[in-house]
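Remarks on the structure that follows.
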Amino acid sequence: MADRRVLWIFEFPSLLGGERSLLATLPALRQTGWQPEAVAPGDGPLADELRRQGIAIHNLPWRDEGQQQRRELSQLRAELADIVKTRSCDLVHANSL
C-alpha cells in the first residue's frame, strides 16, 4: 500500500490534551500507511515533540512576534493555502477551532 499523507494543522505551540490525543494515533496511522506532516508554530513543546516523532513541520506562526495578537486572518489563510497546495496531502485535519 502506498503511503498517504495527512497534514495536521495546529494553531498553538502547546502540548496539551488535544495535541497528545492526536499524537496518540500516530502508531496506528503509520501502521495503516498514513504519514503525517504538521503545520504549526515552529517553536515550543509541540514542535519539539513533532520533531521527536519524526514529523515534518511547516512553520506557520499564528501570532505576532510578541505573541499578543493573532496575525491578520487574510494573511494566515493565504499562507496556509500555499502550504496545503504545495504538500499534495490526501487529507487535511485542523486540530483547533
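Letters A, B, ... mark the chains of the C-alpha cells in the order given; residue numbers begin at 1 per chain; ligand numbers begin at 1, in order shown.
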Given only C-alpha atoms, how would the per-residue table for range 60-96 of chain A near range 25-45 of chain A read, listing every residue at most 10 Å away with its closest atom pair and distance in Å to one decimal, sorted by chain and number, as JSON lines?
{"residue": "A:Leu60", "atom": "CA", "partner": "A:Pro41", "partner_atom": "CA", "distance": 5.1}
{"residue": "A:Pro61", "atom": "CA", "partner": "A:Pro41", "partner_atom": "CA", "distance": 4.7}
{"residue": "A:Trp62", "atom": "CA", "partner": "A:Pro41", "partner_atom": "CA", "distance": 7.1}
{"residue": "A:Arg63", "atom": "CA", "partner": "A:Pro41", "partner_atom": "CA", "distance": 8.9}
{"residue": "A:Leu80", "atom": "CA", "partner": "A:Val39", "partner_atom": "CA", "distance": 8.1}
{"residue": "A:Ile83", "atom": "CA", "partner": "A:Val39", "partner_atom": "CA", "distance": 8.1}
{"residue": "A:Val84", "atom": "CA", "partner": "A:Val39", "partner_atom": "CA", "distance": 9.1}
{"residue": "A:Arg87", "atom": "CA", "partner": "A:Glu37", "partner_atom": "CA", "distance": 9.0}
{"residue": "A:Cys89", "atom": "CA", "partner": "A:Glu37", "partner_atom": "CA", "distance": 8.8}
{"residue": "A:Asp90", "atom": "CA", "partner": "A:Trp34", "partner_atom": "CA", "distance": 9.3}
{"residue": "A:Leu91", "atom": "CA", "partner": "A:Pro36", "partner_atom": "CA", "distance": 9.4}
{"residue": "A:Val92", "atom": "CA", "partner": "A:Pro36", "partner_atom": "CA", "distance": 9.6}
{"residue": "A:His93", "atom": "CA", "partner": "A:Ala38", "partner_atom": "CA", "distance": 9.4}
{"residue": "A:Ala94", "atom": "CA", "partner": "A:Val39", "partner_atom": "CA", "distance": 9.2}
Mind pulling up the distance from CA of Leu73 in chain A to CA of Phe10 in chain A?
->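 These atoms are spaced 15.0 Å apart.
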Have a look at CA of Leu15 in chain A and CA of Arg71 in chain A and let me know their distance in Å, one decimal.
->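 Atom-to-atom, CA of Leu15 in chain A and CA of Arg71 in chain A are spaced 21.2 Å apart.
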In range 8-75 of chain A, DSSP strand (DSSP E or B) residues written as a ChimeraX atom specification = /A:8-9,34-40,56-59,63,70
To one decimal in Å, tell me the separation between CA of Glu19 in chain A and CA of Asn95 in chain A.
->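 A separation of 7.5 Å between them.
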Expected answer as a ChimeraX atom specification: helix (DSSP H, G or I) residues in chain A | /A:17-24,26-31,45-52,73-87
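Using only C-alpha atoms, the nearest neighbour of Leu22 in chain A within the list A:Ser74, A:Asn59, A:Thr86, A:Ser96 is A:Ser96.
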For Arg70 in chain A, which residue out of A:Glu11, A:Ala24, A:Gly54, A:Asp82 is the nearest one, using only C-alpha atoms?
->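 Closest to Arg70 in chain A of all the choices is A:Glu11.
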